[in-house]
>>> print(open('run.txt').read())   # compact mmCIF, C-alpha atoms
# COMPACT_ATOMS: atom_id res chain seq x y z
CA MET A 5 -43.09 -17.52 5.28
CA ALA A 6 -40.91 -15.92 7.92
CA LEU A 7 -37.94 -13.92 6.71
CA SER A 8 -34.51 -15.33 7.53
CA PRO A 9 -32.77 -13.26 10.24
CA GLN A 10 -30.44 -11.77 7.62
CA THR A 11 -33.26 -10.80 5.26
CA GLU A 12 -35.29 -9.32 8.10
CA ALA A 13 -32.32 -7.25 9.27
CA ALA A 14 -31.81 -5.97 5.73
CA ALA A 15 -35.48 -5.09 5.46
CA ILE A 16 -35.55 -2.94 8.59
CA ALA A 17 -32.01 -1.50 8.56
CA PRO A 18 -31.73 2.10 7.34
CA GLU A 19 -29.98 2.56 4.01
CA PRO A 20 -26.25 3.01 4.49
CA ILE A 21 -24.98 6.57 4.27
CA HIS A 22 -22.68 7.46 1.42
CA THR A 23 -22.11 10.52 -0.72
CA THR A 24 -21.01 10.69 -4.34
CA LEU A 25 -18.55 13.60 -4.32
CA TYR A 26 -17.23 15.43 -7.37
CA CYS A 27 -14.24 17.71 -6.76
CA ILE A 28 -14.11 20.23 -9.61
CA ARG A 29 -11.28 22.70 -10.14
CA HIS A 30 -12.25 26.18 -11.34
CA GLY A 31 -11.79 26.96 -15.05
CA ILE A 32 -8.98 28.95 -16.68
CA ALA A 33 -8.84 32.41 -15.05
CA ALA A 34 -7.06 35.70 -15.66
CA GLU A 35 -3.31 35.52 -15.02
CA ARG A 36 -2.03 35.93 -11.48
CA GLY A 37 -1.03 39.58 -10.86
CA THR A 38 -3.57 41.07 -13.26
CA LEU A 39 -5.95 42.11 -10.47
CA ALA A 40 -5.20 44.00 -7.27
CA ASN A 41 -6.82 41.21 -5.25
CA ASP A 42 -6.00 37.68 -6.40
CA ASP A 43 -9.38 36.48 -5.11
CA ASP A 44 -11.11 38.62 -7.73
CA ARG A 45 -9.52 37.04 -10.82
CA PRO A 46 -12.40 36.07 -13.15
CA LEU A 47 -12.59 33.23 -15.65
CA VAL A 48 -11.30 34.20 -19.09
CA GLU A 49 -13.42 33.49 -22.16
CA LYS A 50 -11.59 30.21 -22.87
CA GLY A 51 -12.17 29.20 -19.25
CA ARG A 52 -15.90 29.93 -19.51
CA GLN A 53 -16.19 27.97 -22.75
CA ARG A 54 -14.24 24.95 -21.51
CA THR A 55 -16.18 24.85 -18.25
CA ALA A 56 -19.49 25.02 -20.12
CA GLN A 57 -18.33 22.20 -22.42
CA VAL A 58 -17.41 20.08 -19.39
CA ALA A 59 -20.81 20.83 -17.81
CA GLN A 60 -22.64 19.84 -20.99
CA ARG A 61 -20.63 16.63 -21.18
CA LEU A 62 -21.47 15.79 -17.55
CA LYS A 63 -25.13 16.23 -18.37
CA THR A 64 -24.80 13.90 -21.36
CA LEU A 65 -23.17 11.35 -19.06
CA GLY A 66 -26.17 11.57 -16.73
CA ILE A 67 -24.24 13.28 -13.94
CA THR A 68 -26.09 15.91 -11.93
CA PHE A 69 -25.69 17.17 -8.36
CA ASP A 70 -28.08 17.65 -5.47
CA HIS A 71 -25.96 20.55 -4.30
CA VAL A 72 -22.85 22.51 -5.31
CA LEU A 73 -20.55 24.14 -2.79
CA THR A 74 -18.03 26.66 -4.06
CA SER A 75 -14.98 28.47 -2.78
CA PRO A 76 -15.74 32.17 -2.26
CA LEU A 77 -13.14 33.22 -4.86
CA VAL A 78 -14.58 34.74 -8.03
CA ARG A 79 -13.10 32.19 -10.44
CA ALA A 80 -14.63 29.33 -8.42
CA GLN A 81 -18.03 31.00 -8.00
CA GLN A 82 -18.18 31.66 -11.73
CA THR A 83 -17.36 28.00 -12.39
CA ALA A 84 -20.17 26.91 -10.06
CA GLU A 85 -22.57 29.34 -11.75
CA ILE A 86 -21.81 27.73 -15.11
CA LEU A 87 -22.62 24.30 -13.65
CA GLN A 88 -25.94 25.68 -12.47
CA ALA A 89 -26.66 27.51 -15.73
CA GLU A 90 -26.18 24.22 -17.59
CA GLY A 91 -28.80 22.59 -15.38
CA LEU A 92 -26.53 20.38 -13.29
CA THR A 93 -27.67 21.56 -9.86
CA PRO A 94 -30.65 23.22 -8.24
CA ALA A 95 -28.53 25.03 -5.66
CA ILE A 96 -25.13 26.66 -5.09
CA ALA A 97 -23.75 27.79 -1.76
CA VAL A 98 -20.47 29.50 -0.91
CA CYS A 99 -18.32 27.59 1.58
CA ALA A 100 -15.34 29.31 3.21
CA ASP A 101 -13.63 25.94 3.83
CA LEU A 102 -13.13 25.65 0.06
CA ALA A 103 -10.97 28.79 -0.19
CA PRO A 104 -7.24 28.11 -0.79
CA ASP A 105 -5.68 26.36 2.24
CA GLY A 106 -9.18 25.43 3.38
CA ASP A 107 -9.89 23.07 6.25
CA LEU A 108 -10.95 19.54 5.21
CA LYS A 109 -12.03 18.58 8.73
CA ALA A 110 -14.26 21.65 9.00
CA TRP A 111 -15.79 20.75 5.64
CA LEU A 112 -16.44 17.21 6.89
CA GLY A 113 -18.52 18.83 9.64
CA TRP A 114 -20.70 20.37 6.94
CA LEU A 115 -20.87 16.99 5.20
CA ALA A 116 -22.05 15.24 8.36
CA ASP A 117 -24.96 17.68 8.64
CA TRP A 118 -25.77 17.34 4.94
CA GLN A 119 -25.64 13.53 5.04
CA ALA A 120 -28.19 13.57 7.88
CA GLN A 121 -30.63 15.11 5.37
CA HIS A 122 -29.33 13.36 2.24
CA PRO A 123 -28.07 9.88 3.19
CA GLN A 124 -27.17 9.00 -0.43
CA GLY A 125 -26.79 12.31 -2.20
CA THR A 126 -24.44 13.75 -4.79
CA VAL A 127 -22.40 16.88 -4.09
CA ALA A 128 -19.91 18.84 -6.15
CA ILE A 129 -17.29 21.06 -4.52
CA VAL A 130 -15.64 23.73 -6.66
CA GLY A 131 -12.26 24.93 -5.51
CA HIS A 132 -8.52 25.20 -6.00
CA GLU A 133 -5.30 23.29 -6.35
CA PRO A 134 -3.36 21.87 -4.65
CA ASP A 135 -6.15 21.69 -2.05
CA LEU A 136 -8.74 19.63 -3.94
CA SER A 137 -6.39 16.84 -4.98
CA ARG A 138 -4.84 16.81 -1.48
CA TRP A 139 -8.28 16.51 0.12
CA ALA A 140 -9.14 13.69 -2.25
CA GLN A 141 -5.90 11.85 -1.51
CA VAL A 142 -6.49 12.17 2.24
CA LEU A 143 -10.07 10.95 1.88
CA VAL A 144 -8.86 7.92 -0.09
CA ALA A 145 -5.51 7.11 1.51
CA GLY A 146 -5.68 8.70 4.98
CA LEU A 147 -3.85 11.51 6.74
CA THR A 148 -0.44 10.09 5.82
CA ALA A 149 -1.25 10.23 2.08
CA ALA A 150 1.69 11.38 -0.05
CA GLY A 151 -0.59 14.18 -1.13
CA ASP A 152 0.87 15.68 -4.27
CA ARG A 153 0.82 13.05 -6.98
CA TRP A 154 -2.65 13.46 -8.48
CA GLU A 155 -2.88 15.91 -11.38
CA LEU A 156 -6.13 17.92 -11.37
CA LYS A 157 -6.28 20.26 -14.37
CA LYS A 158 -8.41 23.41 -14.53
CA ALA A 159 -12.05 22.34 -14.99
CA GLY A 160 -10.88 18.79 -14.26
CA ILE A 161 -12.84 16.42 -12.05
CA ILE A 162 -12.16 13.90 -9.29
CA GLY A 163 -15.02 11.50 -8.42
CA LEU A 164 -15.13 9.83 -4.99
CA TRP A 165 -17.48 7.62 -3.05
CA VAL A 166 -17.44 8.95 0.50
CA PRO A 167 -18.89 7.02 3.47
CA ARG A 168 -20.22 8.68 6.66
CA ALA A 169 -18.32 11.92 7.27
CA ASP A 170 -16.98 10.75 10.64
CA ARG A 171 -15.12 7.89 8.97
CA ALA A 172 -14.57 9.34 5.51
CA ILE A 173 -10.81 9.94 5.89
CA GLY A 174 -8.91 6.99 4.46
CA GLN A 175 -12.16 5.12 3.70
CA SER A 176 -13.34 6.86 0.52
CA GLU A 177 -12.93 5.37 -2.95
CA LEU A 178 -11.67 6.94 -6.16
CA PHE A 179 -13.79 6.11 -9.22
CA TRP A 180 -12.83 8.95 -11.57
CA LEU A 181 -10.09 11.47 -12.22
CA THR A 182 -10.06 13.26 -15.53
CA PRO A 183 -8.74 16.36 -17.23
CA PRO A 184 -11.26 18.15 -19.48
CA ARG A 185 -9.33 17.08 -22.58
CA LEU A 186 -10.13 13.40 -22.02
CA ILE A 187 -13.91 13.81 -21.77
CA LEU A 188 -14.53 16.47 -24.44
CA MET B 13 25.57 35.15 -28.75
CA ALA B 14 26.70 32.78 -26.01
CA LEU B 15 24.02 30.67 -24.38
CA SER B 16 23.32 31.36 -20.72
CA PRO B 17 24.66 28.57 -18.48
CA GLN B 18 21.10 27.30 -17.93
CA THR B 19 20.24 27.28 -21.62
CA GLU B 20 23.50 25.59 -22.50
CA ALA B 21 22.91 22.88 -19.89
CA ALA B 22 19.42 22.30 -21.24
CA ALA B 23 20.78 22.07 -24.78
CA ILE B 24 23.36 19.40 -24.00
CA ALA B 25 21.61 17.45 -21.22
CA PRO B 26 19.91 14.24 -22.29
CA GLU B 27 16.15 14.39 -22.23
CA PRO B 28 14.80 13.22 -18.88
CA ILE B 29 13.44 9.70 -18.84
CA HIS B 30 9.74 9.25 -18.26
CA THR B 31 7.09 6.85 -19.49
CA THR B 32 3.42 7.51 -20.05
CA LEU B 33 1.79 4.34 -18.72
CA TYR B 34 -1.79 3.23 -19.34
CA CYS B 35 -3.04 0.39 -17.13
CA ILE B 36 -6.02 -1.21 -18.88
CA ARG B 37 -8.20 -3.88 -17.33
CA HIS B 38 -9.42 -6.67 -19.63
CA GLY B 39 -12.98 -6.43 -20.96
CA ILE B 40 -16.03 -8.34 -19.74
CA ALA B 41 -15.28 -12.09 -19.93
CA ALA B 42 -17.21 -15.35 -19.55
CA GLU B 43 -18.36 -15.99 -15.97
CA ARG B 44 -15.95 -17.59 -13.54
CA GLY B 45 -16.50 -21.38 -13.44
CA THR B 46 -17.66 -21.68 -17.06
CA LEU B 47 -14.31 -23.03 -18.26
CA ALA B 48 -12.21 -25.84 -16.81
CA ASN B 49 -9.22 -23.50 -16.62
CA ASP B 50 -9.99 -19.97 -15.41
CA ASP B 51 -7.09 -18.63 -17.48
CA ASP B 52 -8.94 -19.61 -20.66
CA ARG B 53 -12.09 -17.53 -20.09
CA PRO B 54 -12.60 -15.47 -23.27
CA LEU B 55 -14.21 -12.04 -23.67
CA VAL B 56 -17.96 -12.22 -24.22
CA GLU B 57 -19.52 -10.33 -27.11
CA LYS B 58 -20.42 -7.35 -24.89
CA GLY B 59 -16.84 -7.30 -23.63
CA ARG B 60 -15.46 -7.28 -27.19
CA GLN B 61 -17.81 -4.47 -28.21
CA ARG B 62 -17.11 -2.31 -25.17
CA THR B 63 -13.36 -2.79 -25.49
CA ALA B 64 -13.49 -1.85 -29.18
CA GLN B 65 -15.53 1.26 -28.31
CA VAL B 66 -12.96 2.25 -25.69
CA ALA B 67 -10.14 1.69 -28.21
CA GLN B 68 -11.89 3.84 -30.81
CA ARG B 69 -12.44 6.57 -28.25
CA LEU B 70 -8.75 6.49 -27.26
CA LYS B 71 -7.84 6.95 -30.91
CA THR B 72 -10.20 9.93 -31.17
CA LEU B 73 -8.50 11.40 -28.11
CA GLY B 74 -5.12 11.07 -29.83
CA ILE B 75 -3.89 8.33 -27.49
CA THR B 76 -1.73 5.60 -29.02
CA PHE B 77 0.97 3.35 -27.58
CA ASP B 78 4.51 2.51 -28.63
CA HIS B 79 4.04 -0.94 -27.11
CA VAL B 80 1.38 -3.05 -25.39
CA LEU B 81 2.23 -5.70 -22.81
CA THR B 82 -0.47 -8.15 -21.83
CA SER B 83 -1.10 -10.75 -19.18
CA PRO B 84 -0.92 -14.26 -20.66
CA LEU B 85 -4.58 -14.98 -19.76
CA VAL B 86 -6.94 -15.28 -22.73
CA ARG B 87 -9.26 -12.43 -21.69
CA ALA B 88 -6.30 -10.04 -21.41
CA GLN B 89 -4.65 -11.13 -24.66
CA GLN B 90 -7.95 -10.70 -26.50
CA THR B 91 -8.27 -7.20 -25.02
CA ALA B 92 -4.75 -6.34 -26.22
CA GLU B 93 -5.53 -7.73 -29.66
CA ILE B 94 -8.53 -5.40 -29.92
CA LEU B 95 -6.29 -2.43 -29.06
CA GLN B 96 -3.95 -3.48 -31.87
CA ALA B 97 -6.78 -4.17 -34.33
CA GLU B 98 -8.06 -0.62 -33.75
CA GLY B 99 -4.63 0.74 -34.67
CA LEU B 100 -3.50 1.84 -31.22
CA THR B 101 -0.19 -0.01 -31.14
CA PRO B 102 2.34 -1.53 -33.55
CA ALA B 103 3.28 -4.33 -31.16
CA ILE B 104 1.92 -6.63 -28.44
CA ALA B 105 3.97 -8.87 -26.19
CA VAL B 106 2.90 -11.28 -23.48
CA CYS B 107 4.39 -10.57 -20.05
CA ALA B 108 4.13 -13.17 -17.28
CA ASP B 109 4.46 -10.46 -14.60
CA LEU B 110 1.01 -9.21 -15.62
CA ALA B 111 -0.76 -12.47 -14.71
CA PRO B 112 -2.89 -12.32 -11.52
CA ASP B 113 -0.67 -11.80 -8.44
CA GLY B 114 2.11 -10.62 -10.76
CA ASP B 115 5.32 -9.07 -9.54
CA LEU B 116 5.52 -5.26 -9.90
CA LYS B 117 9.25 -5.17 -9.14
CA ALA B 118 9.98 -7.75 -11.83
CA TRP B 119 7.95 -5.68 -14.29
CA LEU B 120 9.93 -2.58 -13.33
CA GLY B 121 13.01 -4.51 -14.49
CA TRP B 122 11.39 -4.84 -17.91
CA LEU B 123 10.54 -1.12 -17.83
CA ALA B 124 14.14 -0.16 -17.07
CA ASP B 125 15.32 -2.02 -20.17
CA TRP B 126 12.54 -0.52 -22.27
CA GLN B 127 13.22 3.02 -21.05
CA ALA B 128 16.86 2.63 -22.14
CA GLN B 129 15.55 2.31 -25.71
CA HIS B 130 12.52 4.61 -25.35
CA PRO B 131 13.35 7.41 -22.90
CA GLN B 132 9.96 9.10 -23.35
CA GLY B 133 7.68 6.41 -24.67
CA THR B 134 4.10 5.36 -24.08
CA VAL B 135 3.21 1.84 -22.90
CA ALA B 136 -0.07 0.14 -22.12
CA ILE B 137 -0.25 -2.87 -19.81
CA VAL B 138 -3.33 -5.08 -20.00
CA GLY B 139 -4.12 -7.12 -16.92
CA HIS B 140 -6.33 -7.88 -13.95
CA GLU B 141 -7.78 -6.53 -10.77
CA PRO B 142 -6.95 -6.02 -7.99
CA ASP B 143 -3.38 -6.09 -9.30
CA LEU B 144 -3.47 -3.17 -11.74
CA SER B 145 -4.98 -0.66 -9.34
CA ARG B 146 -2.64 -1.87 -6.56
CA TRP B 147 0.40 -1.46 -8.81
CA ALA B 148 -0.79 2.04 -9.74
CA GLN B 149 -1.33 2.99 -6.10
CA VAL B 150 2.14 1.74 -5.16
CA LEU B 151 3.70 3.62 -8.09
CA VAL B 152 1.96 6.83 -6.99
CA ALA B 153 1.93 6.55 -3.19
CA GLY B 154 4.75 4.12 -2.37
CA LEU B 155 4.94 0.65 -0.85
CA THR B 156 2.80 1.65 2.13
CA ALA B 157 -0.09 2.72 -0.14
CA ALA B 158 -3.49 1.70 1.22
CA GLY B 159 -3.85 -0.23 -2.01
CA ASP B 160 -7.52 -1.00 -2.43
CA ARG B 161 -9.40 2.26 -2.84
CA TRP B 162 -9.17 2.87 -6.57
CA GLU B 163 -12.00 1.42 -8.63
CA LEU B 164 -10.84 0.08 -12.02
CA LYS B 165 -13.78 -1.27 -14.03
CA LYS B 166 -13.47 -3.82 -16.82
CA ALA B 167 -12.00 -2.05 -19.89
CA GLY B 168 -11.30 0.89 -17.56
CA ILE B 169 -8.06 2.86 -17.71
CA ILE B 170 -5.54 4.35 -15.28
CA GLY B 171 -3.05 6.86 -16.73
CA LEU B 172 0.27 7.49 -14.96
CA TRP B 173 3.43 9.43 -15.60
CA VAL B 174 6.26 7.18 -14.48
CA PRO B 175 9.84 8.41 -13.99
CA ARG B 176 12.95 6.20 -14.31
CA ALA B 177 12.05 2.64 -13.32
CA ASP B 178 14.56 2.57 -10.46
CA ARG B 179 12.74 5.42 -8.72
CA ALA B 180 9.22 4.92 -10.04
CA ILE B 181 7.70 3.58 -6.80
CA GLY B 182 6.09 6.45 -4.90
CA GLN B 183 7.26 8.97 -7.51
CA SER B 184 4.74 8.43 -10.31
CA GLU B 185 1.80 10.74 -10.97
CA LEU B 186 -1.84 9.95 -11.63
CA PHE B 187 -3.36 11.96 -14.48
CA TRP B 188 -6.35 9.78 -15.39
CA LEU B 189 -8.62 7.08 -13.99
CA THR B 190 -11.82 6.33 -15.81
CA PRO B 191 -14.45 3.65 -16.23
CA PRO B 192 -15.55 3.04 -19.84
CA ARG B 193 -18.96 4.58 -19.11
CA LEU B 194 -17.47 8.03 -18.56
CA ILE B 195 -15.57 8.23 -21.84
CA LEU B 196 -18.06 6.58 -24.21
>>> encode(input="run.txt", output="structure tokens")
Amino acid sequence: MALSPQTEAAAIAPEPIHTTLYCIRHGIAAERGTLANDDDRPLVEKGRQRTAQVAQRLKTLGITFDHVLTSPLVRAQQTAEILQAEGLTPAIAVCADLAPDGDLKAWLGWLADWQAQHPQGTVAIVGHEPDLSRWAQVLVAGLTAAGDRWELKKAGIIGLWVPRADRAIGQSELFWLTPPRLIL
Amino acid sequence: MALSPQTEAAAIAPEPIHTTLYCIRHGIAAERGTLANDDDRPLVEKGRQRTAQVAQRLKTLGITFDHVLTSPLVRAQQTAEILQAEGLTPAIAVCADLAPDGDLKAWLGWLADWQAQHPQGTVAIVGHEPDLSRWAQVLVAGLTAAGDRWELKKAGIIGLWVPRADRAIGQSELFWLTPPRLIL
């Protein structure tokens, strides 16, 4: 029996591109002003523990990543390393766009390249506030998003479905936003 | 010792008004079209179980409500009754504004009255999609909010901090959005 035109189109069309994106804020770090260079502030013991608990909980929930990108700052890299140590990702890479005041549009360029290789992959980005929640609000609500009304705690998580990078702004969907306290 | 002007002001000023608001979608109900009147569709057994699990988890997390308002539809009222049966609230009331296509501004009138009695209380509203996530987006991002990019699953929860009702629109904050799957 011949396929209907619709069924045939579905059978030959490539799978639609979309990325499951987790935006994860670094864990609790040493107080501001305690190191000569703010970029070098490490996670404190409580921050390490909480981040590891969050990572273990993600694993229990069946959430893993194909790739983790992290801000170059020490507290973010250490957070990403904990995610990897807990078995959530095979790979970490440092991404300068994720430093404080990073450039969302530049990062979307990275995403376009990555989506070409991973049409339906899962990525986590580890970074800072207020940048991560602003990026998420722009991805969901567009460039005119209010921008400062989502609360992302340290080691907290925002989950988004992101379509093709070239039309991700204002077209992504929010499926999760949680502080650590409400998943542990 | 005299109080500093700031300390004295803090000591005599009334506490600021704000409400912790949980928007909870009803649990899984009988399929559309199975009852003569759609409003009468009850929760199915899986919906009852899931909702009870969510309620128990909220209790474990230390979340309770001073009051629960529910849509008049059967599936919402049954969801609210499960919250009460699990000990999360002393009181439930039916609120017509929470029916499908309900009126956010009318509900804010109720909130203003309630806040006068409970300046820092916690309320849950039980209702329907797409209304609940639209209301939440308008409360957080204002009347021009995109409005359809937050995913609220059945028995899922949105948590907001809401200031005084007369300036709640566009001034509320999102601190939680979760499907049941990611808290159970």
>>> interface_residues(input="run.txt", of="chain B", to="chain A", cutoff="7 Å", atoms="only C-alpha atoms", output="CSV table (one decimal) with C-alpha atoms, keeping the file's coordinate frame")
chain,number,residue,atom,x,y,z
B,73,LEU,CA,-8.5,11.4,-28.1
B,152,VAL,CA,2.0,6.8,-7.0
B,153,ALA,CA,1.9,6.6,-3.2
B,158,ALA,CA,-3.5,1.7,1.2
B,161,ARG,CA,-9.4,2.3,-2.8
B,162,TRP,CA,-9.2,2.9,-6.6
B,163,GLU,CA,-12.0,1.4,-8.6
B,184,SER,CA,4.7,8.4,-10.3
B,185,GLU,CA,1.8,10.7,-11.0
B,186,LEU,CA,-1.8,10.0,-11.6
B,187,PHE,CA,-3.4,12.0,-14.5
B,188,TRP,CA,-6.4,9.8,-15.4
B,189,LEU,CA,-8.6,7.1,-14.0
B,190,THR,CA,-11.8,6.3,-15.8
B,194,LEU,CA,-17.5,8.0,-18.6
B,195,ILE,CA,-15.6,8.2,-21.8
>>> axis_aligned_box(input="run.txt", around="segment 26-42 of chain A", padding_each_side="4 Å", output="lines of an AutoDock Vina configuration file")
center_x = -9.1
center_y = 29.7
center_z = -11.0
size_x = 24.2
size_y = 36.6
size_z = 19.4
>>> residues_around(input="run.txt", residues="Leu55 of chain B", least_positions_apart="2", cutoff="9 Å", atoms="all atoms listed in the file", output="list in words")
His38, Gly39, Ile40, Ala41, Ala42, Arg53, Glu57, Lys58, Gly59, Arg60, Val86, Arg87, Ala88, Gln90 and Thr91 of chain B
>>> closest_residue(input="run.txt", among="B:His79, B:Arg179, B:His30, B:Arg37", to="His140 of chain B", atoms="only C-alpha atoms")
B:Arg37
>>> closest_residue(input="run.txt", among="B:Asp115, B:Asp52, B:Asp178, B:Asp143", to="Ile36 of chain B", atoms="all atoms listed in the file")
B:Asp143
>>> residues_around(input="run.txt", residues="Ala100 of chain A", least_positions_apart="6", cutoff="12 Å", atoms="only C-alpha atoms", output="PyMOL selection string")
chain A and resi 73-77+80-81+106-108+110-111+114+129-131
>>> closest_atom_pairs(input="run.txt", of="segment 21-85 of chain B", to="segment 123-133 of chain B", cutoff="7 Å", atoms="all atoms listed in the file", output="Markdown table")
| residue | atom | partner | partner_atom | distance |
| --- | --- | --- | --- | --- |
| B:Ile29 | CA | B:Pro131 | CA | 4.7 |
| B:His30 | CA | B:Gln132 | CA | 5.1 |
| B:Thr31 | CA | B:Gly133 | CA | 5.2 |
| B:Thr32 | CA | B:Gly133 | CA | 6.4 |
| B:Asp78 | CA | B:Gly133 | CA | 6.4 |
>>> atom_distance(input="run.txt", atom1="atom CA of Asp51 of chain B", atom2="atom CA of Gln96 of chain B")
21.1 Å
>>> residues_around(input="run.txt", residues="Gly99 of chain B", least_positions_apart="2", cutoff="9 Å", atoms="only C-alpha atoms", output="mmCIF file with C-alpha atoms, in the coordinates of the input")
data_model
loop_
_atom_site.group_PDB
_atom_site.id
_atom_site.type_symbol
_atom_site.label_atom_id
_atom_site.label_comp_id
_atom_site.auth_asym_id
_atom_site.auth_seq_id
_atom_site.Cartn_x
_atom_site.Cartn_y
_atom_site.Cartn_z
ATOM 1 C CA ALA B 67 -10.140 1.690 -28.210
ATOM 2 C CA GLN B 68 -11.890 3.840 -30.810
ATOM 3 C CA LYS B 71 -7.840 6.950 -30.910
ATOM 4 C CA THR B 76 -1.730 5.600 -29.020
ATOM 5 C CA ILE B 94 -8.530 -5.400 -29.920
ATOM 6 C CA LEU B 95 -6.290 -2.430 -29.060
ATOM 7 C CA GLN B 96 -3.950 -3.480 -31.870
ATOM 8 C CA ALA B 97 -6.780 -4.170 -34.330
ATOM 9 C CA THR B 101 -0.190 -0.010 -31.140
ATOM 10 C CA PRO B 102 2.340 -1.530 -33.550
#
>>> atom_distance(input="run.txt", atom1="atom CA of Arg44 of chain B", atom2="atom CA of Lys166 of chain B")
14.4 Å
